[in-house]
Amino acid sequence: MGNLNKEIRDGDHPDITEERLKSTFDTHKMAAQIYNSQRAADRRNEITSAVLKIPELQDIKPLPFLSREEKVEEAARKIGILSEHLYDLVNVNDGAELYHLNNVVIGGEGNPLALHGVMFIPVLQAQATDEQKKKWLYRAMKREIIGTYAQTEMGHGSNLRKLETTATYDKATEEFVLNSPTTTSMKWWPGNLGKSTNYAVVVATLIINEKDYGPHSFMVQLRDENTHKPLPNIEVGDIGPKMAYNATDNGFLKLNHLRIPRTNMLMKHVKVEKDGTYIKPPHAKMSYSAMVHVRAHMNNTMAYFLASSLTIAVRYSSIRRQGHINPKEPEVKVLEYQTQQHRLFPHIARAYAFSFAGAETVRLYEKVKKDMESGETELMADLHALTSGLKSVVTYLTMQGIEQARQSCGGHGYSMASYISEIYGIAIGGCTYEGENMVMLLQLARYLMKAAKAVKEGKKVEGLVGYLSAPDNRHSLIDRTPEKSYDTYLKTFEHIARQQIFRAFDKLEKMLTSGLPHSEAWNKCSVELTRASRLHTRLFIAQAFARRVHDVVDFHIKEALDDLLHLHLNYELLDVASYALEDGHLCGEQMNFIRSELYRSLGKIRPNAVSYVDAWELSDMELRSVLGRRDGHVYENLYKWAQNSSLNRTDVLPVFEKYLKPLMMSARKNSKL
Ligand SMILES: CC/C=C\C/C=C\C/C=C\C/C=C\CCC(=O)SCCNC(=O)CCNC(=O)[C@H](O)C(C)(C)COP(=O)(O)OP(=O)(O)OC[C@H]1O[C@@H](n2cnc3c(N)ncnc32)[C@H](O)[C@@H]1OP(=O)(O)O
Ligand SMILES: Cc1cc2nc3c(=O)[nH]c(=O)nc-3n(C[C@H](O)[C@H](O)[C@H](O)COP(=O)(O)OP(=O)(O)OC[C@H]3O[C@@H](n4cnc5c(N)ncnc54)[C@H](O)[C@@H]3O)c2cc1C
């Protein structure tokens, strides 16, 4: 049967092997839960093993030692080699396999095809007519052309209806004239726009006969397909270095009265006829589909980033010994400290929770995508609400978790050798891209306020907001019933979300009744509204976690997930408990119970801590972290890693002769005077 933890190897650091031997569950079976099937988990490992056999796909040196230009070049080099091996390595129609291949070979800092796969192809799939697909999509899939999604401008990202780039229809020539009239109208941010792509789907405000029809999508060729030089009337370039994600050339684009054929507007759902007649889409927001696509997948990306940093931190905490719990005994692994466990374990639970919530979201997304093909749009609002809330909450909590992972590694966490700071920099971009978090929480709030209104009017609401119509207990039953089901916790989360939703609703109604215009009242209630959105979303995450645990059949996996869920529910509830204390739903005694359950949970998780992170099956190649090495041999490798520093190429740097020597000489001379 072998070891339950599949990462055990001879020669590993004994402290980490000791942890793995304690595992109560099979880590590869757990991987099947995380990646949604045993087959998917197997395929990840097969892909990793195959990649390890191709020497040209290995990093030329640790990425933190590369300059920005070298990072861009290295990612492009690997993309080139990957395309030779692609069909042998993965099923190219499987997004999860492609994503994994990218993470192993290239990592999270980006590559020339990042936006091509994440948005350019999806937008063509969803919004191009069959004829347009023949012209661009199939070429894009074969990588004959490389594209991006150019929507955000220097002056506007959140408020799409105020994009300044115009696409004015010229009936006489049957062309659109694309123009960036001001500096602020320049496209600014699109990934890979700077240097890599030769096509873009440009989102511009459609104008026909001087009437503004709002944002629409247009295919624009940016560069010559052979020379890669920008085409006439196009100015394009890189926007410069960012906090992280620097292998990607996020770019700017200025269009100077560029003419494109009428048929370059993506017209699957919406049309502009030759004579300028506008035919509206079945749903006004169908053109936002590429954004919804990314938002729907972001939970899993964030879960991955969070799990990566926790794998690093937990493994390191199992070999790092410092201080004593019992002064008579040797120094302990820092993982023994309750503070360290409290700092890390709840985030492990969140990574699992985000992955499970992510799987449910992707399922809904796939359904809505299929519906949209046939013009069916009923579930679009539900999906928009769900993805808006999740995108905001999950990215924010991921940011918190990664930072805790970094701090938990002490000084070495701050070194790029941990790689956590790079993961952090990449992940927090998610708080901003694909809809700034506050803006998206307010989108969900619109949906919640509609539901609250319906309930107040005596109507029954269902689905994601069904709990607003369900009976509520005045007092939480946590610690009040002999039965120890998670239902009592979930009901308490429901109560908290419901109370806050109605609190925000009542406040808004009061202001509206007092005569305040809707937009002003909305702004004055917006902090309360975002709170309602967060609580609703955190309820969904907890429910998704509980649903998954409920469905698991394998006894040991179920038990291990059950422990994580128990930790999650107690930790999350403590985090939002003030809402339930305010109206007496929870009392002080119950708070003590929840706290003691949390501490008990930490102890229960402790023996499996390394196995919970190992179950993500993140190879050394993809983690790129000295602290997170699978074998636990951190210290000797930290020293080796530092040898890569270009500052170590010579014992004496030229700056010594140039600046430091004169400085010291002059100081010595002065002290002799
Ligand atoms: C797959 C891999 C995943 C991750 C990859 C990992 C790493 C990637 C690294 C890099 C980044 C990758 C991608 C980033 C790319 C980008 O950032 S692209 C740019 C993204 N930009 C935005 O997200 C802009 C945010 N703004 C908006 O989306 C809109 O402006 C808005 C929704 C905030 C508002 O739109 P409006 O048209 O003004 O609408 P409104 O008046 O506010 O609302 C009117 C009604 O419409 C409903 N609605 C809005 N959007 C949708 C939608 N998508 N679907 C359904 N319904 C929608 C809204 O709810 C309103 O309904 P009411 O009933 O309340 O009236
Ligand atoms: C790494 C990265 C990659 C990106 N990739 C792409 C890409 O490929 N293609 C692309 O088109 N774009 C891309 N973007 C741009 C990104 O989508 C936008 O930056 C994002 O949507 C936020 O818009 P903004 O910059 O206009 O923020 P702003 O709206 O200016 O936000 C500034 C502040 O104003 C607040 N605010 C704004 N509006 C409201 C409101 N209505 N109510 C309350 N508060 C509000 C926000 O909450 C925030 O605090 C990328 C950005 C990043 C960081």
# chains A, B, ... in the order shown; residues from 1 in each chain; ligands from 1

$ residues_near_ligand --ligand "ligand 1" --cutoff "6 Å" --atoms "only C-alpha atoms and all ligand atoms" --output "ChimeraX atom specification"
/A:118,151-152,157-161,285,288,291-292,294,297-298,301,380-381,384,433-435,439,443,446-447

$ residues_near_ligand --ligand "ligand 2" --cutoff "9 Å" --atoms "only C-alpha atoms and all ligand atoms" --output "ChimeraX atom specification"
/A:114-115,118-119,148-160,187-193,202-203,242-245,248,250-251,291,426-440,442,523,526

$ write_last_selection --atoms "N, CA and C atoms" --output "short mmCIF file (atom, residue, chain, number, x, y, z; two decimals), in the first residue's frame"
data_model
loop_
_atom_site.label_atom_id
_atom_site.label_comp_id
_atom_site.auth_asym_id
_atom_site.auth_seq_id
_atom_site.Cartn_x
_atom_site.Cartn_y
_atom_site.Cartn_z
N ALA A 114 -0.23 34.89 -22.71
CA ALA A 114 -1.11 34.84 -21.53
C ALA A 114 -2.53 35.32 -21.86
N LEU A 115 -2.63 36.54 -22.35
CA LEU A 115 -3.95 37.10 -22.63
C LEU A 115 -4.60 36.48 -23.86
N VAL A 118 -6.25 33.53 -22.20
CA VAL A 118 -7.18 33.84 -21.12
C VAL A 118 -8.38 34.66 -21.61
N MET A 119 -8.15 35.55 -22.60
CA MET A 119 -9.26 36.42 -23.03
C MET A 119 -9.51 36.50 -24.53
N THR A 148 -4.85 40.00 -27.90
CA THR A 148 -5.13 40.36 -26.51
C THR A 148 -6.50 41.02 -26.43
N TYR A 149 -6.86 41.44 -25.23
CA TYR A 149 -8.17 42.06 -24.98
C TYR A 149 -7.90 43.47 -24.49
N ALA A 150 -8.15 44.45 -25.36
CA ALA A 150 -7.79 45.84 -25.04
C ALA A 150 -9.03 46.65 -24.70
N GLN A 151 -9.28 46.77 -23.44
CA GLN A 151 -10.49 47.48 -22.99
C GLN A 151 -10.14 48.70 -22.14
N THR A 152 -9.35 48.46 -21.08
CA THR A 152 -9.06 49.53 -20.12
C THR A 152 -8.28 50.66 -20.78
N GLU A 153 -8.63 51.88 -20.38
CA GLU A 153 -7.90 53.06 -20.87
C GLU A 153 -7.20 53.74 -19.71
N MET A 154 -6.31 54.68 -20.05
CA MET A 154 -5.60 55.37 -18.97
C MET A 154 -6.59 56.05 -18.02
N GLY A 155 -7.65 56.60 -18.58
CA GLY A 155 -8.60 57.35 -17.76
C GLY A 155 -9.79 56.55 -17.24
N HIS A 156 -10.07 55.41 -17.85
CA HIS A 156 -11.25 54.63 -17.44
C HIS A 156 -11.01 53.13 -17.53
N GLY A 157 -11.27 52.46 -16.40
CA GLY A 157 -11.23 51.00 -16.40
C GLY A 157 -12.54 50.46 -15.86
N SER A 158 -12.94 50.99 -14.70
CA SER A 158 -14.15 50.47 -14.04
C SER A 158 -15.42 50.83 -14.78
N ASN A 159 -15.50 52.07 -15.22
CA ASN A 159 -16.75 52.56 -15.81
C ASN A 159 -16.72 52.42 -17.33
N LEU A 160 -17.14 51.26 -17.76
CA LEU A 160 -17.02 50.94 -19.20
C LEU A 160 -17.85 51.86 -20.07
N LYS A 187 -5.56 53.10 -24.72
CA LYS A 187 -5.68 51.82 -24.02
C LYS A 187 -4.44 51.68 -23.15
N TRP A 188 -4.62 51.23 -21.94
CA TRP A 188 -3.51 51.20 -20.97
C TRP A 188 -3.68 50.00 -20.06
N TRP A 189 -2.84 49.08 -20.09
CA TRP A 189 -2.84 47.89 -19.24
C TRP A 189 -2.97 46.55 -19.99
N PRO A 190 -3.67 46.49 -21.11
CA PRO A 190 -3.88 45.15 -21.66
C PRO A 190 -2.61 44.30 -21.73
N GLY A 191 -2.73 43.08 -21.24
CA GLY A 191 -1.59 42.16 -21.16
C GLY A 191 -1.10 41.79 -22.55
N ASN A 192 0.23 41.80 -22.71
CA ASN A 192 0.89 41.41 -23.97
C ASN A 192 0.66 42.37 -25.12
N LEU A 193 -0.08 43.45 -24.87
CA LEU A 193 -0.31 44.43 -25.93
C LEU A 193 1.00 45.13 -26.30
N VAL A 202 -10.50 45.20 -29.47
CA VAL A 202 -10.51 46.52 -28.84
C VAL A 202 -11.96 46.85 -28.46
N VAL A 203 -12.15 47.25 -27.20
CA VAL A 203 -13.49 47.64 -26.78
C VAL A 203 -13.60 49.16 -26.92
N LYS A 242 6.01 46.68 -13.28
CA LYS A 242 4.90 46.65 -12.32
C LYS A 242 5.37 46.01 -11.02
N MET A 243 4.49 45.96 -10.03
CA MET A 243 4.83 45.34 -8.74
C MET A 243 5.36 43.92 -8.93
N ALA A 244 4.77 43.21 -9.89
CA ALA A 244 5.18 41.83 -10.21
C ALA A 244 4.64 41.57 -11.61
N TYR A 245 4.60 40.30 -12.04
CA TYR A 245 4.01 39.96 -13.33
C TYR A 245 4.80 40.64 -14.46
N THR A 248 5.33 39.83 -18.36
CA THR A 248 4.24 40.23 -19.27
C THR A 248 4.41 41.69 -19.68
N ASN A 250 2.46 44.38 -20.40
CA ASN A 250 1.19 45.14 -20.42
C ASN A 250 1.43 46.41 -21.22
N GLY A 251 0.46 46.76 -22.05
CA GLY A 251 0.79 47.80 -23.03
C GLY A 251 -0.16 48.97 -23.11
N MET A 291 -14.91 39.02 -19.64
CA MET A 291 -14.61 39.36 -18.23
C MET A 291 -15.22 38.31 -17.29
N ILE A 426 1.80 38.84 -7.86
CA ILE A 426 0.95 38.38 -8.97
C ILE A 426 -0.50 38.29 -8.49
N ALA A 427 -0.67 37.67 -7.32
CA ALA A 427 -2.05 37.41 -6.85
C ALA A 427 -2.81 38.70 -6.56
N ILE A 428 -2.15 39.69 -5.97
CA ILE A 428 -2.93 40.88 -5.58
C ILE A 428 -3.38 41.69 -6.79
N GLY A 429 -2.75 41.45 -7.96
CA GLY A 429 -3.26 42.07 -9.19
C GLY A 429 -4.73 41.71 -9.36
N GLY A 430 -5.09 40.54 -8.85
CA GLY A 430 -6.48 40.06 -8.97
C GLY A 430 -7.48 40.90 -8.20
N CYS A 431 -7.01 41.67 -7.20
CA CYS A 431 -7.94 42.57 -6.49
C CYS A 431 -8.37 43.70 -7.41
N THR A 432 -7.57 43.95 -8.45
CA THR A 432 -7.80 45.09 -9.33
C THR A 432 -8.31 44.66 -10.70
N TYR A 433 -7.57 43.73 -11.34
CA TYR A 433 -7.99 43.40 -12.70
C TYR A 433 -9.31 42.65 -12.70
N GLU A 434 -9.92 42.66 -13.83
CA GLU A 434 -11.24 42.03 -14.02
C GLU A 434 -12.29 42.62 -13.09
N GLY A 435 -12.17 43.93 -12.84
CA GLY A 435 -13.14 44.63 -12.01
C GLY A 435 -12.60 44.88 -10.63
N GLU A 436 -12.36 46.18 -10.34
CA GLU A 436 -11.82 46.56 -9.03
C GLU A 436 -12.78 46.02 -7.96
N ASN A 437 -12.19 45.51 -6.86
CA ASN A 437 -13.00 44.74 -5.91
C ASN A 437 -14.23 45.47 -5.37
N MET A 438 -14.07 46.75 -5.00
CA MET A 438 -15.23 47.48 -4.44
C MET A 438 -16.33 47.60 -5.50
N VAL A 439 -15.87 47.87 -6.72
CA VAL A 439 -16.83 48.06 -7.82
C VAL A 439 -17.64 46.77 -8.01
N MET A 440 -16.95 45.65 -7.93
CA MET A 440 -17.64 44.37 -8.16
C MET A 440 -18.53 43.99 -6.96
N LEU A 442 -20.14 46.10 -5.29
CA LEU A 442 -21.34 46.93 -5.48
C LEU A 442 -22.24 46.38 -6.59
N ASN A 523 -24.52 55.83 -2.84
CA ASN A 523 -23.16 56.14 -2.40
C ASN A 523 -23.07 56.23 -0.88
N SER A 526 -22.91 52.82 0.58
CA SER A 526 -22.08 51.83 -0.14
C SER A 526 -21.18 50.99 0.77
#

$ atom_distance --atom1 "atom CA of A:Leu52" --atom2 "atom CA of A:Asn103"
13.0 Å

$ closest_residue --among "A:Asp479, A:Glu18, A:Glu175, A:Glu235" --to "A:Ile208" --atoms "only C-alpha atoms"
A:Glu175

$ atom_distance --atom1 "atom CA of A:Gln341" --atom2 "atom CA of A:Asp620"
23.4 Å

$ select_by_dssp --residues "stretch 302-388 of chain A" --states "alpha helix (DSSP H)" --output "MDAnalysis selection string"
chainID A and resid 302:319 338:373 380:388

$ atom_distance --atom1 "atom CA of A:Phe305" --atom2 "atom CA of A:Arg538"
19.0 Å

$ residues_around --residues "A:Ala470" --least-positions-apart "3" --cutoff "9 Å" --atoms "only C-alpha atoms" --output "mmCIF file with N, CA and C atoms, in the first residue's frame"
data_model
loop_
_atom_site.group_PDB
_atom_site.id
_atom_site.type_symbol
_atom_site.label_atom_id
_atom_site.label_comp_id
_atom_site.auth_asym_id
_atom_site.auth_seq_id
_atom_site.Cartn_x
_atom_site.Cartn_y
_atom_site.Cartn_z
ATOM 1 N N LYS A 460 -41.338 35.220 -2.839
ATOM 2 C CA LYS A 460 -40.360 34.202 -2.427
ATOM 3 C C LYS A 460 -39.177 34.286 -3.386
ATOM 4 N N VAL A 461 -37.954 34.373 -2.846
ATOM 5 C CA VAL A 461 -36.784 34.364 -3.739
ATOM 6 C C VAL A 461 -36.100 33.002 -3.637
ATOM 7 N N GLY A 466 -31.914 32.322 -1.883
ATOM 8 C CA GLY A 466 -33.087 31.632 -1.324
ATOM 9 C C GLY A 466 -33.189 31.780 0.188
ATOM 10 N N TYR A 467 -32.041 31.850 0.853
ATOM 11 C CA TYR A 467 -32.058 31.921 2.322
ATOM 12 C C TYR A 467 -32.731 33.202 2.836
#

$ closest_residue --among "A:Ile319, A:Leu255, A:Cys587, A:Ala357" --to "A:Met186" --atoms "only C-alpha atoms"
A:Leu255

$ closest_residue --among "A:Glu210, A:Asp170, A:Asp59, A:Asp554" --to "A:His257" --atoms "only C-alpha atoms"
A:Asp170

$ residues_around --residues "A:Val576" --least-positions-apart "2" --cutoff "12 Å" --atoms "only C-alpha atoms" --output "list in words"
Thr492, Phe493, Glu494, His495, Ile496, Ala497, Gln500, Arg531, Ala532, Arg534, Leu535, His536, Arg538, Leu539, Leu569, Asn570, Tyr571, Glu572, Leu573, Leu574, Ser578, Tyr579, Ala580, Leu581, Glu582, Leu586 and Met591 of chain A

$ write_last_selection --atoms "C-alpha atoms" --output "PDB file, in the first residue's frame"
ATOM      1  CA  THR A 492     -25.686  31.415  11.638  1.00  0.00           C
ATOM      2  CA  PHE A 493     -23.798  32.595   8.557  1.00  0.00           C
ATOM      3  CA  GLU A 494     -27.154  32.920   6.791  1.00  0.00           C
ATOM      4  CA  HIS A 495     -28.539  34.962   9.653  1.00  0.00           C
ATOM      5  CA  ILE A 496     -25.543  37.316   9.590  1.00  0.00           C
ATOM      6  CA  ALA A 497     -25.713  37.825   5.817  1.00  0.00           C
ATOM      7  CA  GLN A 500     -26.705  42.865   6.919  1.00  0.00           C
ATOM      8  CA  ARG A 531     -20.440  44.489   3.759  1.00  0.00           C
ATOM      9  CA  ALA A 532     -23.642  42.772   2.716  1.00  0.00           C
ATOM     10  CA  ARG A 534     -18.974  40.127   1.459  1.00  0.00           C
ATOM     11  CA  LEU A 535     -21.116  38.300   4.007  1.00  0.00           C
ATOM     12  CA  HIS A 536     -23.320  36.822   1.294  1.00  0.00           C
ATOM     13  CA  ARG A 538     -18.578  34.173   2.530  1.00  0.00           C
ATOM     14  CA  LEU A 539     -21.774  32.255   3.198  1.00  0.00           C
ATOM     15  CA  LEU A 569     -16.456  27.433  10.004  1.00  0.00           C
ATOM     16  CA  ASN A 570     -15.160  28.362  13.452  1.00  0.00           C
ATOM     17  CA  TYR A 571     -12.426  30.680  12.156  1.00  0.00           C
ATOM     18  CA  GLU A 572     -14.660  32.439   9.648  1.00  0.00           C
ATOM     19  CA  LEU A 573     -17.456  32.810  12.140  1.00  0.00           C
ATOM     20  CA  LEU A 574     -15.135  34.438  14.675  1.00  0.00           C
ATOM     21  CA  SER A 578     -19.543  41.053  15.666  1.00  0.00           C
ATOM     22  CA  TYR A 579     -22.508  41.083  13.283  1.00  0.00           C
ATOM     23  CA  ALA A 580     -24.170  38.276  15.237  1.00  0.00           C
ATOM     24  CA  LEU A 581     -23.276  39.703  18.643  1.00  0.00           C
ATOM     25  CA  GLU A 582     -24.890  43.032  17.750  1.00  0.00           C
ATOM     26  CA  LEU A 586     -24.734  34.758  19.358  1.00  0.00           C
ATOM     27  CA  MET A 591     -18.268  32.808  21.415  1.00  0.00           C
TER      28      MET A 591
END

$ closest_residue --among "A:Pro261, A:Lys640, A:Ile478, A:Phe505" --to "A:Val455" --atoms "only C-alpha atoms"
A:Phe505

$ closest_atom_pairs --of "stretch 285-324 of chain A" --to "stretch 385-403 of chain A" --cutoff "9 Å" --atoms "only C-alpha atoms" --output "Markdown table"
| residue | atom | partner | partner_atom | distance |
| --- | --- | --- | --- | --- |
| A:Val292 | CA | A:Thr387 | CA | 7.1 |
| A:Arg295 | CA | A:Thr387 | CA | 5.7 |
| A:Ala296 | CA | A:Thr387 | CA | 5.6 |
| A:His297 | CA | A:Thr387 | CA | 9.0 |
| A:Met298 | CA | A:Lys391 | CA | 6.5 |
| A:Asn299 | CA | A:Val394 | CA | 6.4 |
| A:Met302 | CA | A:Thr398 | CA | 6.4 |
| A:Ala303 | CA | A:Thr398 | CA | 7.4 |
| A:Phe305 | CA | A:Thr398 | CA | 7.7 |
| A:Leu306 | CA | A:Thr398 | CA | 5.8 |
| A:Ala307 | CA | A:Ile402 | CA | 8.7 |
| A:Ser308 | CA | A:Ile402 | CA | 8.8 |
| A:Ser309 | CA | A:Ile402 | CA | 5.8 |
| A:Leu310 | CA | A:Ile402 | CA | 7.2 |

$ decode --residues "stretch 436-460 of chain A" --atoms "C-alpha atoms" --output "PDB file, in the first residue's frame"
ATOM      1  CA  GLU A 436     -11.825  46.563  -9.030  1.00  0.00           C
ATOM      2  CA  ASN A 437     -13.000  44.738  -5.913  1.00  0.00           C
ATOM      3  CA  MET A 438     -15.232  47.484  -4.439  1.00  0.00           C
ATOM      4  CA  VAL A 439     -16.827  48.062  -7.817  1.00  0.00           C
ATOM      5  CA  MET A 440     -17.642  44.374  -8.156  1.00  0.00           C
ATOM      6  CA  LEU A 441     -18.969  44.095  -4.587  1.00  0.00           C
ATOM      7  CA  LEU A 442     -21.338  46.930  -5.477  1.00  0.00           C
ATOM      8  CA  GLN A 443     -22.465  44.997  -8.557  1.00  0.00           C
ATOM      9  CA  LEU A 444     -23.418  42.080  -6.327  1.00  0.00           C
ATOM     10  CA  ALA A 445     -25.113  44.524  -3.948  1.00  0.00           C
ATOM     11  CA  ARG A 446     -27.490  45.598  -6.748  1.00  0.00           C
ATOM     12  CA  TYR A 447     -28.602  41.993  -7.070  1.00  0.00           C
ATOM     13  CA  LEU A 448     -28.952  41.557  -3.318  1.00  0.00           C
ATOM     14  CA  MET A 449     -31.011  44.741  -2.972  1.00  0.00           C
ATOM     15  CA  LYS A 450     -33.394  43.529  -5.675  1.00  0.00           C
ATOM     16  CA  ALA A 451     -33.804  40.251  -3.825  1.00  0.00           C
ATOM     17  CA  ALA A 452     -34.339  42.052  -0.508  1.00  0.00           C
ATOM     18  CA  LYS A 453     -37.009  44.235  -2.118  1.00  0.00           C
ATOM     19  CA  ALA A 454     -38.790  41.175  -3.446  1.00  0.00           C
ATOM     20  CA  VAL A 455     -38.787  39.565   0.004  1.00  0.00           C
ATOM     21  CA  LYS A 456     -40.103  42.764   1.602  1.00  0.00           C
ATOM     22  CA  GLU A 457     -42.901  42.724  -0.946  1.00  0.00           C
ATOM     23  CA  GLY A 458     -43.832  39.242   0.204  1.00  0.00           C
ATOM     24  CA  LYS A 459     -42.364  37.389  -2.785  1.00  0.00           C
ATOM     25  CA  LYS A 460     -40.360  34.202  -2.427  1.00  0.00           C
TER      26      LYS A 460
END
